[in-house]
Structure formats: C-alpha cells, structure tokens
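Below is target27.pdb, which holds PDB, N, CA and C atoms, pLDDT in the B column.
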ATOM      1  N   MET X   5       0.853  -1.170   0.000  1.00 51.00           N
ATOM      2  CA  MET X   5       0.000   0.000   0.000  1.00 51.00           C
ATOM      3  C   MET X   5       0.893   1.224   0.000  1.00 51.00           C
ATOM      4  N   GLY X   6       0.678   2.078  -0.973  1.00 56.00           N
ATOM      5  CA  GLY X   6       1.488   3.277  -1.091  1.00 56.00           C
ATOM      6  C   GLY X   6       0.980   4.395  -0.198  1.00 56.00           C
ATOM      7  N   THR X   7       1.615   5.543  -0.331  1.00 60.00           N
ATOM      8  CA  THR X   7       1.255   6.707   0.476  1.00 60.00           C
ATOM      9  C   THR X   7      -0.177   7.146   0.202  1.00 60.00           C
ATOM     10  N   LEU X   8      -0.597   7.073  -1.053  1.00 57.00           N
ATOM     11  CA  LEU X   8      -1.955   7.480  -1.411  1.00 57.00           C
ATOM     12  C   LEU X   8      -2.985   6.571  -0.751  1.00 57.00           C
ATOM     13  N   GLY X   9      -2.683   5.285  -0.669  1.00 61.00           N
ATOM     14  CA  GLY X   9      -3.594   4.342  -0.011  1.00 61.00           C
ATOM     15  C   GLY X   9      -3.733   4.625   1.465  1.00 61.00           C
ATOM     16  N   ILE X  10      -2.636   4.991   2.114  1.00 64.00           N
ATOM     17  CA  ILE X  10      -2.669   5.321   3.544  1.00 64.00           C
ATOM     18  C   ILE X  10      -3.481   6.590   3.768  1.00 64.00           C
ATOM     19  N   ILE X  11      -3.307   7.586   2.895  1.00 66.00           N
ATOM     20  CA  ILE X  11      -4.059   8.840   3.024  1.00 66.00           C
ATOM     21  C   ILE X  11      -5.551   8.570   2.839  1.00 66.00           C
ATOM     22  N   ASN X  12      -5.917   7.778   1.833  1.00 73.00           N
ATOM     23  CA  ASN X  12      -7.323   7.446   1.604  1.00 73.00           C
ATOM     24  C   ASN X  12      -7.910   6.677   2.782  1.00 73.00           C
ATOM     25  N   HIS X  13      -7.123   5.767   3.356  1.00 73.00           N
ATOM     26  CA  HIS X  13      -7.577   4.984   4.508  1.00 73.00           C
ATOM     27  C   HIS X  13      -7.835   5.907   5.702  1.00 73.00           C
ATOM     28  N   ASN X  14      -6.906   6.825   5.969  1.00 79.00           N
ATOM     29  CA  ASN X  14      -7.078   7.758   7.085  1.00 79.00           C
ATOM     30  C   ASN X  14      -8.248   8.704   6.835  1.00 79.00           C
ATOM     31  N   LEU X  15      -8.408   9.151   5.602  1.00 81.00           N
ATOM     32  CA  LEU X  15      -9.514  10.041   5.264  1.00 81.00           C
ATOM     33  C   LEU X  15     -10.855   9.341   5.474  1.00 81.00           C
ATOM     34  N   MET X  16     -10.950   8.093   5.042  1.00 80.00           N
ATOM     35  CA  MET X  16     -12.184   7.337   5.204  1.00 80.00           C
ATOM     36  C   MET X  16     -12.466   7.077   6.677  1.00 80.00           C
ATOM     37  N   ARG X  17     -11.427   6.764   7.446  1.00 83.00           N
ATOM     38  CA  ARG X  17     -11.605   6.535   8.886  1.00 83.00           C
ATOM     39  C   ARG X  17     -12.096   7.799   9.567  1.00 83.00           C
ATOM     40  N   ASN X  18     -11.526   8.953   9.217  1.00 86.00           N
ATOM     41  CA  ASN X  18     -11.970  10.224   9.794  1.00 86.00           C
ATOM     42  C   ASN X  18     -13.406  10.541   9.367  1.00 86.00           C
ATOM     43  N   PHE X  19     -13.748  10.269   8.123  1.00 87.00           N
ATOM     44  CA  PHE X  19     -15.105  10.502   7.645  1.00 87.00           C
ATOM     45  C   PHE X  19     -16.109   9.659   8.426  1.00 87.00           C
ATOM     46  N   LYS X  20     -15.781   8.394   8.653  1.00 87.00           N
ATOM     47  CA  LYS X  20     -16.669   7.515   9.424  1.00 87.00           C
ATOM     48  C   LYS X  20     -16.811   8.000  10.857  1.00 87.00           C
ATOM     49  N   LEU X  21     -15.718   8.453  11.451  1.00 90.00           N
ATOM     50  CA  LEU X  21     -15.748   8.954  12.819  1.00 90.00           C
ATOM     51  C   LEU X  21     -16.604  10.216  12.917  1.00 90.00           C
ATOM     52  N   ILE X  22     -16.452  11.123  11.973  1.00 92.00           N
ATOM     53  CA  ILE X  22     -17.240  12.360  11.969  1.00 92.00           C
ATOM     54  C   ILE X  22     -18.718  12.042  11.744  1.00 92.00           C
ATOM     55  N   THR X  23     -19.014  11.142  10.816  1.00 90.00           N
ATOM     56  CA  THR X  23     -20.399  10.763  10.543  1.00 90.00           C
ATOM     57  C   THR X  23     -21.044  10.128  11.773  1.00 90.00           C
ATOM     58  N   ALA X  24     -20.329   9.225  12.432  1.00 88.00           N
ATOM     59  CA  ALA X  24     -20.853   8.578  13.638  1.00 88.00           C
ATOM     60  C   ALA X  24     -21.071   9.601  14.749  1.00 88.00           C
ATOM     61  N   SER X  25     -20.176  10.566  14.876  1.00 92.00           N
ATOM     62  CA  SER X  25     -20.323  11.602  15.900  1.00 92.00           C
ATOM     63  C   SER X  25     -21.540  12.481  15.635  1.00 92.00           C
ATOM     64  N   VAL X  26     -21.742  12.863  14.387  1.00 93.00           N
ATOM     65  CA  VAL X  26     -22.903  13.691  14.032  1.00 93.00           C
ATOM     66  C   VAL X  26     -24.195  12.921  14.294  1.00 93.00           C
ATOM     67  N   LEU X  27     -24.223  11.641  13.916  1.00 87.00           N
ATOM     68  CA  LEU X  27     -25.413  10.834  14.166  1.00 87.00           C
ATOM     69  C   LEU X  27     -25.679  10.667  15.662  1.00 87.00           C
ATOM     70  N   ALA X  28     -24.632  10.492  16.459  1.00 86.00           N
ATOM     71  CA  ALA X  28     -24.799  10.369  17.905  1.00 86.00           C
ATOM     72  C   ALA X  28     -25.361  11.660  18.502  1.00 86.00           C
ATOM     73  N   ILE X  29     -24.902  12.789  18.021  1.00 92.00           N
ATOM     74  CA  ILE X  29     -25.416  14.076  18.504  1.00 92.00           C
ATOM     75  C   ILE X  29     -26.885  14.235  18.118  1.00 92.00           C
ATOM     76  N   LEU X  30     -27.241  13.872  16.888  1.00 89.00           N
ATOM     77  CA  LEU X  30     -28.632  13.961  16.451  1.00 89.00           C
ATOM     78  C   LEU X  30     -29.540  13.043  17.275  1.00 89.00           C
ATOM     79  N   VAL X  31     -29.074  11.841  17.560  1.00 82.00           N
ATOM     80  CA  VAL X  31     -29.856  10.919  18.390  1.00 82.00           C
ATOM     81  C   VAL X  31     -30.041  11.491  19.792  1.00 82.00           C
ATOM     82  N   ALA X  32     -28.995  12.079  20.354  1.00 85.00           N
ATOM     83  CA  ALA X  32     -29.106  12.689  21.682  1.00 85.00           C
ATOM     84  C   ALA X  32     -30.122  13.818  21.681  1.00 85.00           C
ATOM     85  N   ILE X  33     -30.142  14.615  20.626  1.00 90.00           N
ATOM     86  CA  ILE X  33     -31.113  15.708  20.530  1.00 90.00           C
ATOM     87  C   ILE X  33     -32.532  15.153  20.460  1.00 90.00           C
ATOM     88  N   VAL X  34     -32.747  14.114  19.666  1.00 84.00           N
ATOM     89  CA  VAL X  34     -34.073  13.511  19.551  1.00 84.00           C
ATOM     90  C   VAL X  34     -34.530  12.949  20.898  1.00 84.00           C
ATOM     91  N   VAL X  35     -33.630  12.298  21.612  1.00 81.00           N
ATOM     92  CA  VAL X  35     -33.983  11.724  22.914  1.00 81.00           C
ATOM     93  C   VAL X  35     -34.350  12.817  23.904  1.00 81.00           C
ATOM     94  N   VAL X  36     -33.585  13.893  23.948  1.00 86.00           N
ATOM     95  CA  VAL X  36     -33.859  14.983  24.882  1.00 86.00           C
ATOM     96  C   VAL X  36     -35.195  15.648  24.556  1.00 86.00           C
ATOM     97  N   GLN X  37     -35.519  15.792  23.280  1.00 89.00           N
ATOM     98  CA  GLN X  37     -36.747  16.470  22.887  1.00 89.00           C
ATOM     99  C   GLN X  37     -37.990  15.585  22.999  1.00 89.00           C
ATOM    100  N   ASN X  38     -37.821  14.288  23.171  1.00 86.00           N
ATOM    101  CA  ASN X  38     -38.959  13.372  23.197  1.00 86.00           C
ATOM    102  C   ASN X  38     -39.014  12.574  24.497  1.00 86.00           C
ATOM    103  N   ARG X  39     -38.916  13.265  25.608  1.00 88.00           N
ATOM    104  CA  ARG X  39     -38.943  12.582  26.907  1.00 88.00           C
ATOM    105  C   ARG X  39     -40.351  12.408  27.454  1.00 88.00           C
ATOM    106  N   GLU X  40     -41.341  13.128  26.932  1.00 92.00           N
ATOM    107  CA  GLU X  40     -42.687  13.050  27.491  1.00 92.00           C
ATOM    108  C   GLU X  40     -43.300  11.676  27.225  1.00 92.00           C
ATOM    109  N   PRO X  41     -44.115  11.210  28.169  1.00 92.00           N
ATOM    110  CA  PRO X  41     -44.723   9.885  27.991  1.00 92.00           C
ATOM    111  C   PRO X  41     -45.812   9.900  26.918  1.00 92.00           C
ATOM    112  N   VAL X  42     -45.961   8.772  26.269  1.00 93.00           N
ATOM    113  CA  VAL X  42     -46.984   8.620  25.242  1.00 93.00           C
ATOM    114  C   VAL X  42     -47.648   7.260  25.459  1.00 93.00           C
ATOM    115  N   ALA X  43     -48.964   7.214  25.295  1.00 94.00           N
ATOM    116  CA  ALA X  43     -49.704   5.958  25.448  1.00 94.00           C
ATOM    117  C   ALA X  43     -49.740   5.237  24.107  1.00 94.00           C
ATOM    118  N   THR X  44     -49.369   3.975  24.120  1.00 91.00           N
ATOM    119  CA  THR X  44     -49.361   3.162  22.916  1.00 91.00           C
ATOM    120  C   THR X  44     -50.287   1.976  23.122  1.00 91.00           C
ATOM    121  N   HIS X  45     -51.185   1.764  22.181  1.00 91.00           N
ATOM    122  CA  HIS X  45     -52.146   0.665  22.281  1.00 91.00           C
ATOM    123  C   HIS X  45     -51.629  -0.528  21.490  1.00 91.00           C
ATOM    124  N   LEU X  46     -51.385  -1.622  22.188  1.00 85.00           N
ATOM    125  CA  LEU X  46     -50.930  -2.863  21.559  1.00 85.00           C
ATOM    126  C   LEU X  46     -52.002  -3.925  21.787  1.00 85.00           C
ATOM    127  N   LEU X  47     -52.767  -4.206  20.765  1.00 89.00           N
ATOM    128  CA  LEU X  47     -53.896  -5.137  20.832  1.00 89.00           C
ATOM    129  C   LEU X  47     -54.851  -4.731  21.949  1.00 89.00           C
ATOM    130  N   PHE X  48     -54.823  -5.458  23.081  1.00 90.00           N
ATOM    131  CA  PHE X  48     -55.759  -5.167  24.167  1.00 90.00           C
ATOM    132  C   PHE X  48     -55.097  -4.454  25.336  1.00 90.00           C
ATOM    133  N   ALA X  49     -53.852  -4.113  25.221  1.00 92.00           N
ATOM    134  CA  ALA X  49     -53.125  -3.467  26.314  1.00 92.00           C
ATOM    135  C   ALA X  49     -52.720  -2.049  25.906  1.00 92.00           C
ATOM    136  N   THR X  50     -52.616  -1.185  26.895  1.00 94.00           N
ATOM    137  CA  THR X  50     -52.117   0.168  26.671  1.00 94.00           C
ATOM    138  C   THR X  50     -50.824   0.315  27.465  1.00 94.00           C
ATOM    139  N   VAL X  51     -49.753   0.659  26.777  1.00 93.00           N
ATOM    140  CA  VAL X  51     -48.440   0.804  27.396  1.00 93.00           C
ATOM    141  C   VAL X  51     -48.064   2.283  27.360  1.00 93.00           C
ATOM    142  N   VAL X  52     -47.637   2.808  28.502  1.00 94.00           N
ATOM    143  CA  VAL X  52     -47.190   4.192  28.568  1.00 94.00           C
ATOM    144  C   VAL X  52     -45.669   4.181  28.689  1.00 94.00           C
ATOM    145  N   MET X  53     -45.022   4.861  27.768  1.00 93.00           N
ATOM    146  CA  MET X  53     -43.554   4.910  27.755  1.00 93.00           C
ATOM    147  C   MET X  53     -43.115   6.245  27.178  1.00 93.00           C
ATOM    148  N   PRO X  54     -41.869   6.640  27.432  1.00 91.00           N
ATOM    149  CA  PRO X  54     -41.373   7.877  26.805  1.00 91.00           C
ATOM    150  C   PRO X  54     -41.372   7.741  25.277  1.00 91.00           C
ATOM    151  N   HIS X  55     -41.633   8.833  24.621  1.00 90.00           N
ATOM    152  CA  HIS X  55     -41.693   8.859  23.164  1.00 90.00           C
ATOM    153  C   HIS X  55     -40.369   8.388  22.548  1.00 90.00           C
ATOM    154  N   ALA X  56     -39.248   8.731  23.155  1.00 87.00           N
ATOM    155  CA  ALA X  56     -37.939   8.329  22.626  1.00 87.00           C
ATOM    156  C   ALA X  56     -37.794   6.815  22.610  1.00 87.00           C
ATOM    157  N   ILE X  57     -38.312   6.134  23.625  1.00 89.00           N
ATOM    158  CA  ILE X  57     -38.215   4.668  23.662  1.00 89.00           C
ATOM    159  C   ILE X  57     -39.074   4.065  22.555  1.00 89.00           C
ATOM    160  N   LEU X  58     -40.250   4.642  22.341  1.00 89.00           N
ATOM    161  CA  LEU X  58     -41.103   4.164  21.262  1.00 89.00           C
ATOM    162  C   LEU X  58     -40.417   4.345  19.908  1.00 89.00           C
ATOM    163  N   LEU X  59     -39.772   5.483  19.707  1.00 86.00           N
ATOM    164  CA  LEU X  59     -39.027   5.716  18.465  1.00 86.00           C
ATOM    165  C   LEU X  59     -37.892   4.708  18.304  1.00 86.00           C
ATOM    166  N   PHE X  60     -37.181   4.438  19.401  1.00 85.00           N
ATOM    167  CA  PHE X  60     -36.080   3.477  19.364  1.00 85.00           C
ATOM    168  C   PHE X  60     -36.590   2.085  18.999  1.00 85.00           C
ATOM    169  N   ILE X  61     -37.701   1.662  19.609  1.00 88.00           N
ATOM    170  CA  ILE X  61     -38.267   0.345  19.317  1.00 88.00           C
ATOM    171  C   ILE X  61     -38.693   0.261  17.855  1.00 88.00           C
ATOM    172  N   ALA X  62     -39.341   1.301  17.359  1.00 88.00           N
ATOM    173  CA  ALA X  62     -39.791   1.298  15.963  1.00 88.00           C
ATOM    174  C   ALA X  62     -38.606   1.254  14.999  1.00 88.00           C
ATOM    175  N   CYS X  63     -37.567   2.039  15.279  1.00 85.00           N
ATOM    176  CA  CYS X  63     -36.374   2.046  14.411  1.00 85.00           C
ATOM    177  C   CYS X  63     -35.653   0.707  14.454  1.00 85.00           C
ATOM    178  N   THR X  64     -35.548   0.121  15.636  1.00 88.00           N
ATOM    179  CA  THR X  64     -34.884  -1.174  15.776  1.00 88.00           C
ATOM    180  C   THR X  64     -35.649  -2.258  15.032  1.00 88.00           C
ATOM    181  N   ALA X  65     -36.978  -2.242  15.144  1.00 92.00           N
ATOM    182  CA  ALA X  65     -37.796  -3.226  14.437  1.00 92.00           C
ATOM    183  C   ALA X  65     -37.650  -3.057  12.919  1.00 92.00           C
ATOM    184  N   GLY X  66     -37.657  -1.828  12.443  1.00 89.00           N
ATOM    185  CA  GLY X  66     -37.481  -1.578  11.017  1.00 89.00           C
ATOM    186  C   GLY X  66     -36.122  -2.032  10.510  1.00 89.00           C
ATOM    187  N   PHE X  67     -35.077  -1.753  11.294  1.00 88.00           N
ATOM    188  CA  PHE X  67     -33.733  -2.178  10.914  1.00 88.00           C
ATOM    189  C   PHE X  67     -33.648  -3.701  10.863  1.00 88.00           C
ATOM    190  N   ALA X  68     -34.204  -4.361  11.888  1.00 91.00           N
ATOM    191  CA  ALA X  68     -34.157  -5.826  11.940  1.00 91.00           C
ATOM    192  C   ALA X  68     -34.919  -6.432  10.761  1.00 91.00           C
ATOM    193  N   LEU X  69     -36.076  -5.880  10.438  1.00 93.00           N
ATOM    194  CA  LEU X  69     -36.835  -6.392   9.293  1.00 93.00           C
ATOM    195  C   LEU X  69     -36.074  -6.181   7.982  1.00 93.00           C
ATOM    196  N   GLY X  70     -35.407  -5.055   7.847  1.00 90.00           N
ATOM    197  CA  GLY X  70     -34.606  -4.799   6.653  1.00 90.00           C
ATOM    198  C   GLY X  70     -33.461  -5.779   6.512  1.00 90.00           C
ATOM    199  N   VAL X  71     -32.778  -6.061   7.612  1.00 89.00           N
ATOM    200  CA  VAL X  71     -31.664  -7.027   7.588  1.00 89.00           C
ATOM    201  C   VAL X  71     -32.181  -8.413   7.242  1.00 89.00           C
ATOM    202  N   LEU X  72     -33.286  -8.827   7.877  1.00 92.00           N
ATOM    203  CA  LEU X  72     -33.837 -10.154   7.595  1.00 92.00           C
ATOM    204  C   LEU X  72     -34.299 -10.276   6.148  1.00 92.00           C
ATOM    205  N   LEU X  73     -34.926  -9.240   5.620  1.00 91.00           N
ATOM    206  CA  LEU X  73     -35.374  -9.266   4.227  1.00 91.00           C
ATOM    207  C   LEU X  73     -34.187  -9.344   3.275  1.00 91.00           C
ATOM    208  N   THR X  74     -33.149  -8.578   3.551  1.00 89.00           N
ATOM    209  CA  THR X  74     -31.946  -8.608   2.711  1.00 89.00           C
ATOM    210  C   THR X  74     -31.299  -9.986   2.744  1.00 89.00           C
ATOM    211  N   MET X  75     -31.198 -10.572   3.932  1.00 87.00           N
ATOM    212  CA  MET X  75     -30.609 -11.912   4.049  1.00 87.00           C
ATOM    213  C   MET X  75     -31.459 -12.932   3.299  1.00 87.00           C
ATOM    214  N   SER X  76     -32.777 -12.809   3.390  1.00 84.00           N
ATOM    215  CA  SER X  76     -33.677 -13.733   2.705  1.00 84.00           C
ATOM    216  C   SER X  76     -33.532 -13.616   1.197  1.00 84.00           C
ATOM    217  N   LEU X  77     -33.450 -12.391   0.684  1.00 81.00           N
ATOM    218  CA  LEU X  77     -33.305 -12.205  -0.757  1.00 81.00           C
ATOM    219  C   LEU X  77     -31.959 -12.708  -1.257  1.00 81.00           C
ATOM    220  N   LYS X  78     -30.902 -12.527  -0.476  1.00 78.00           N
ATOM    221  CA  LYS X  78     -29.586 -13.026  -0.878  1.00 78.00           C
ATOM    222  C   LYS X  78     -29.587 -14.536  -0.923  1.00 78.00           C
ATOM    223  N   THR X  79     -30.238 -15.186   0.035  1.00 76.00           N
ATOM    224  CA  THR X  79     -30.300 -16.642   0.074  1.00 76.00           C
ATOM    225  C   THR X  79     -31.070 -17.168  -1.124  1.00 76.00           C
ATOM    226  N   LYS X  80     -32.195 -16.515  -1.455  1.00 69.00           N
ATOM    227  CA  LYS X  80     -32.983 -16.953  -2.604  1.00 69.00           C
ATOM    228  C   LYS X  80     -32.226 -16.788  -3.912  1.00 69.00           C
ATOM    229  N   SER X  81     -31.471 -15.687  -4.056  1.00 69.00           N
ATOM    230  CA  SER X  81     -30.741 -15.470  -5.312  1.00 69.00           C
ATOM    231  C   SER X  81     -29.594 -16.450  -5.451  1.00 69.00           C
ATOM    232  N   LYS X  82     -28.996 -16.885  -4.351  1.00 68.00           N
ATOM    233  CA  LYS X  82     -27.904 -17.866  -4.434  1.00 68.00           C
ATOM    234  C   LYS X  82     -28.427 -19.240  -4.812  1.00 68.00           C
ATOM    235  N   THR X  83     -29.629 -19.598  -4.315  1.00 71.00           N
ATOM    236  CA  THR X  83     -30.159 -20.918  -4.623  1.00 71.00           C
ATOM    237  C   THR X  83     -30.671 -21.019  -6.059  1.00 71.00           C
ATOM    238  N   THR X  84     -31.072 -19.897  -6.666  1.00 66.00           N
ATOM    239  CA  THR X  84     -31.572 -19.927  -8.045  1.00 66.00           C
ATOM    240  C   THR X  84     -30.441 -19.909  -9.059  1.00 66.00           C
ATOM    241  N   GLN X  85     -29.246 -19.587  -8.664  1.00 62.00           N
ATOM    242  CA  GLN X  85     -28.119 -19.526  -9.625  1.00 62.00           C
ATOM    243  C   GLN X  85     -27.489 -20.845  -9.841  1.00 62.00           C
TER     244      GLN X  85
END
Any chance you could put this one into structure tokens?
Amino acid sequence: MGTLGIINHNLMRNFKLITASVLAILVAIVVVQNREPVATHLLFATVVMPHAILLFIACTAGFALGVLLTMSLKTKSKTTQ
C-alpha cells in the first residue's frame, strides 16, 4: 500500500468517525426532545412509555426487518443460480 492508499484509509476513517459523531449528537437531541410519555395501544393493552423509547423500538424493528429481508433475498438469489 502506497502513500496514497494510507491517506485514503485515514480520510475514510476520519469521515466515518465524523459521521458517527454527528449521528450520535442527532440521536441525543431527539432523545432529549422526546422525553414526554406517550400511550401506545398494543392489541388489548395500553403501554405508557417515553416517546424516545417508542421511536427506538420502531427504528430497531425496522432495521431488523430490513436485515432479515436482505438476508432472505440473498439466500434466494444464491439458490436460483
């Protein structure tokens, strides 16, 4: 790896660090602004939780479904080839 490769590697590492820091700050702002409780109806039960926790659960569920769908599609495409 030449000098240019090392510079690109360091630049990419710094970019990832800056991006992760900005995202962490944005998440902290969302959590601070959404501390009030909200009632959520799940079938026959009503759960009261902070709005930030509800957002976290929804985002986590969406991420997990996206990962599972991607894994499922990759498995199907490998078996058809």
* Determine the residue set returned by the PyMOL selection byres (((chain X and resi 38 and name CA) around 8) and name CA) for the present structure, and present it as an MDAnalysis selection string. => chainID X and resid 34:37 39:40 54:56
* To do: Write down as an MDAnalysis selection string the residues belonging to chain X that are assigned alpha helix (DSSP H) by DSSP computed on the backbone.
  => chainID X and resid 7:37 55:84
* Rounded to one decimal in Å, what is the spacing between atom CA of Val31 of chain X and atom N of Leu77 of chain X? ->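 That distance, rounded to one decimal, is 29.5 Å.
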* To do: Using DSSP on the backbone coordinates, identify the residues of segment 21-83 of chain X assigned to strand (DSSP E or B); present them as a ChimeraX atom specification.
  => /X:41-46,49-54
* **For atom C of Val42 of chain X and atom CA of Leu58 of chain X, the interatomic separation in Å (one decimal)** =>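 Here the two named atoms are 8.4 Å from each other.
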* Asked: Suppose you want the space between atom C of Ala32 of chain X and atom N of Ile57 of chain X; what is it in Å?
  ->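 That distance, rounded to one decimal, is 11.4 Å.
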Write out as lines of an AutoDock Vina configuration file an axis-aligned box for segment 26-34 of chain X: all of its atoms listed in the file, 8 Å added on each side, centre and edge lengths in Å with one decimal.
center_x = -28.1
center_y = 13.0
center_z = 17.8
size_x = 28.8
size_y = 21.3
size_z = 23.8
